[in-house]
Amino acid sequence: MKDRLEQVVAKFASQCDYLEVHAEETEESRVTFSGPRLEDLGKKVDFGGNVRALYKGGWGFASFNSVDRIGEFAQNAIDQAKLVGAETSELAKTDPVRDDVLLDLKNDPRTISLEKKVEILKAYNEQALGYHERIVSSSTRYFDRNRKFWFANSEGSLVYQERVDIGGMVAPIAMKGGDSQYFGVPFGSSDDFNVALGLEKRIDEVCEISLGKLEAPKVKGGEYTVILDPRLGGTFIHEAFGHLSEADNVYEDKNLQKVMQLGREFGRPFLNVYDTGLDKGHRGYLVYDDEGVPTEKTYLLREGKLVGRLHSRETAGKMGERPTGNARQIDYRHEPVCRMRNTCIENGEASFDEMLAGIDLGVYCVSAQGGQTNGEMFTFTAGNAYMIRDGKLAEMVRDVTLTGNVFVTLKNIDALGNDQAAHDGPGGCGKAGQFPLQTSHGAPHVRIRNVVIGGE
Amino acid sequence: MREIIEKAMAKGASSCEVFYLNSLRTSVDFETGRLKGVGRTEERGATLRLVKDGRMGLATSTKLDEVDRLVDDALATSAFGGKAEIEFAGAATLPGVETAHDDVENLDIDRVIEESQAEIARILDYEGEINAEASTLRDVQEIRVLTSEGFDGSFKRTLYRHHAGGRLIEGDNMLDAYAYFGGTNLDARRDIIAEVIEDFENGRTNVGVSTGPTNVLFTPRAVADVLMTLYLGVSGAMVDRKISPLAGKLGQTVFDERVTIYDDGLAKGAYESAPFDDEGVPMQRTPVFESGVLKNFLTDLRTARKLDLPLTGNALRAKRLVLTKDLGKVPSPEVTNWRMEGGTKSSDELLAGMKEGVIIDSIMGILMSNLTAGDFSGNVAYGLKVENGKTVGRVKDTMVSGNVYKLLRDNLLDLSSDTKLTGRLGVFGTHHFPYMLLKDVPISTKG
């Protein structure tokens, strides 16, 4: 495959300013229970590739399944780039990389038989369904993907990478009257099947919480002081600041550049935020991005001030900044765009009790259902929540979706815990029609003042 | 494809089904006011489902030169697979529906570029500071379903999707406005730039709103998002799992009598229209709610049989809610193209009659709500405050929430006579919805 890619690059590169070729093979196994029924036990083999060409600042892109016709697609991509290009191509300089990144796994999911995987998931599923008569259904799923990537470009890079991606969730669904409530145990990893093992205690806990949510009142809408647990804190920073840091939003928009000027203060001096590809084991772990650029730990906020952003080679080149290894594609059908890896808030110094103290009325938000952003405003949804009354945890409430505004909410973070934890789940991040991309995030407990929560 | 069936049967399957997709997508994207990229994506693959010893196996491949591997993978999964609860589709009389149109298939890319440039120029003419975008996607699909039970059908489908708009940043204030149309032909084309400019103009000033129950006029785009709760509730799969709030209510009045919704798998020019669904079952127009009465659940082969319900031809292999084709996905009952009947007053009249309230056009974060229970909660990404029949400015940093089952039963004030083509999450699908005026919708905001 390497030879083939290099041959194509050699043959076509002279027609454009820059050319890169990707090929990819994925083997996937999936197990999904919906209630007691094994809904899906499936295998998938996905092979394909793409060619991306840059000509006078314009991109052409062609993806394919049949590698025999790779030359035809290379020509397509170049012709399209020529249709587009009318300016100058600017890619940040990087040293050509020739490397093989082989798997280094703790517990290799490929060594576990499909039968064993079904057996493990079935046991979890039955445990959840048998927990209580009101747990009428469940969503219990597992997948693993074994992926191989080949990359070559016209600057002499030739990278082969192997990656494993594991994810899943055990989620009981409780029902009473016409109302259903769920909660889940998510797991994910890039190197260890063990994350799918030993979940029994957590499953009992989430069953109990699902039942509790049936009885819990809906949160009353309004403005609150909130404490986010580390999992929701991670989702929060992903939505609140991660997406806005993706440089492809910024690099050609002079108004957004003014808003996102390096050095601008977004938070208080104890707020430090980074995005890293280096945390082995997490789903956001990545040695080289999909432009063959080595990843790194990239600080976005240091002491509350903007110090960096997430770049592709083009955005870094056009902004005169350093490439960070954030160009990623969900698969060969898509072009690499600026994406997160593992996005985290660093530890502060407060204990959980110190954070609770002094909150007369607030909400403690636990675990994450997900979130979304449009740049300035963002939402994130807790899996479960408790009222805080007079500095103490009180009754459970449900349907807690929070919203914030990047220019206000980050400054309203007034305490960070000292218990940072990074988390993985089966989901992923969506952007520009590319969903789901495996990312991770982490945070300590986070206290934020004046957060709007939806509700009656 | 026939070879896959033959090999699977020869290797011991008692019945099997092949779903084949060949898709060629072309995209033209303008970013920051200029042409940024042209792309072409070819996707070709097949999924084999088979029954062996009463158990179901499934495998998907985009490496169609390795038929044996596909068959062996499916057989391997069947060894531990779920109990087979269906019979694959047999031969059937299929409805006539036009799914492929020359105007889309032969779309001239130069013309798309010129038209997008003209759209961008109009946006910038309104306000030069807008970061303007336009995006066009054209997909030519060939779909074939073949079973060992005698079904062999194929069709070609063309899809066209276009959206344009942009972001205006003034100080730290960001305002997004986008509009969209799509279909299997170009008939849905309309002047979306006039809508985009109107949205920018109306949303340029921010005004306050207060927390509490509020009269809300949902635009067709917001209706498409809020009704995602119902897309789940009417699915036979959710009924089978005993988690649909509508389970057991067939024939009962569940909503205000003005609520009538059809799922139309044969709607002219609509994305999901086809002669047969992804299991080879003929597609049809199905009344879902008529005058507030729940008439039908949407089914696939399995749920129709299990729940003893009529087959409605709603099996799709697609990512849930956004419904982009996903080869590896097990078919499940999904909405196709929805049409909700309107009322007697125009949307302009509904607005003119509002003393105080909010118009909501776009809700962010709604997918993370507990949609199965009918609950939604999200940030009002684009909403305008209404006073004495007129919009007075944009509402920001505000949440809207509620339970759709309750709101459509107790809180419906009116539906507009005009309906509009719209998609889920702004761009997915081809539904027709009216504006929906609801009373006492929970709104939460600062202060």
# chains A, B, ... in the order shown; residues from 1 in each chain; ligands from 1
$ interface_residues --of "chain A" --to "chain B" --cutoff "6 Å" --atoms "only C-alpha atoms" --output "ChimeraX atom specification"
/A:38,41-47,58-64,80,178-180,221-223,369-372,379,452,454-456
$ select_by_dssp --residues "region 26-157 of chain B" --states "helix (DSSP H, G or I)" --output "ChimeraX atom specification"
/B:67-78,102-105,109-126
$ closest_residue --among "B:Met354, B:Val293, B:Val104, B:Ala270" --to "Arg138 (chain B)" --atoms "only C-alpha atoms"
B:Val104
$ atom_distance --atom1 "CA of Leu294 (chain B)" --atom2 "CA of Asp361 (chain B)"
26.9 Å
$ select_by_dssp --residues "region 215-434 of chain A" --states "strand (DSSP E)" --output "PyMOL selection string"
chain A and resi 222-228+273-276+297-302+305-306+327-328+337-338+342-345+361-373+377-389+392-397+401-405+413-416+421-423+429-431+434
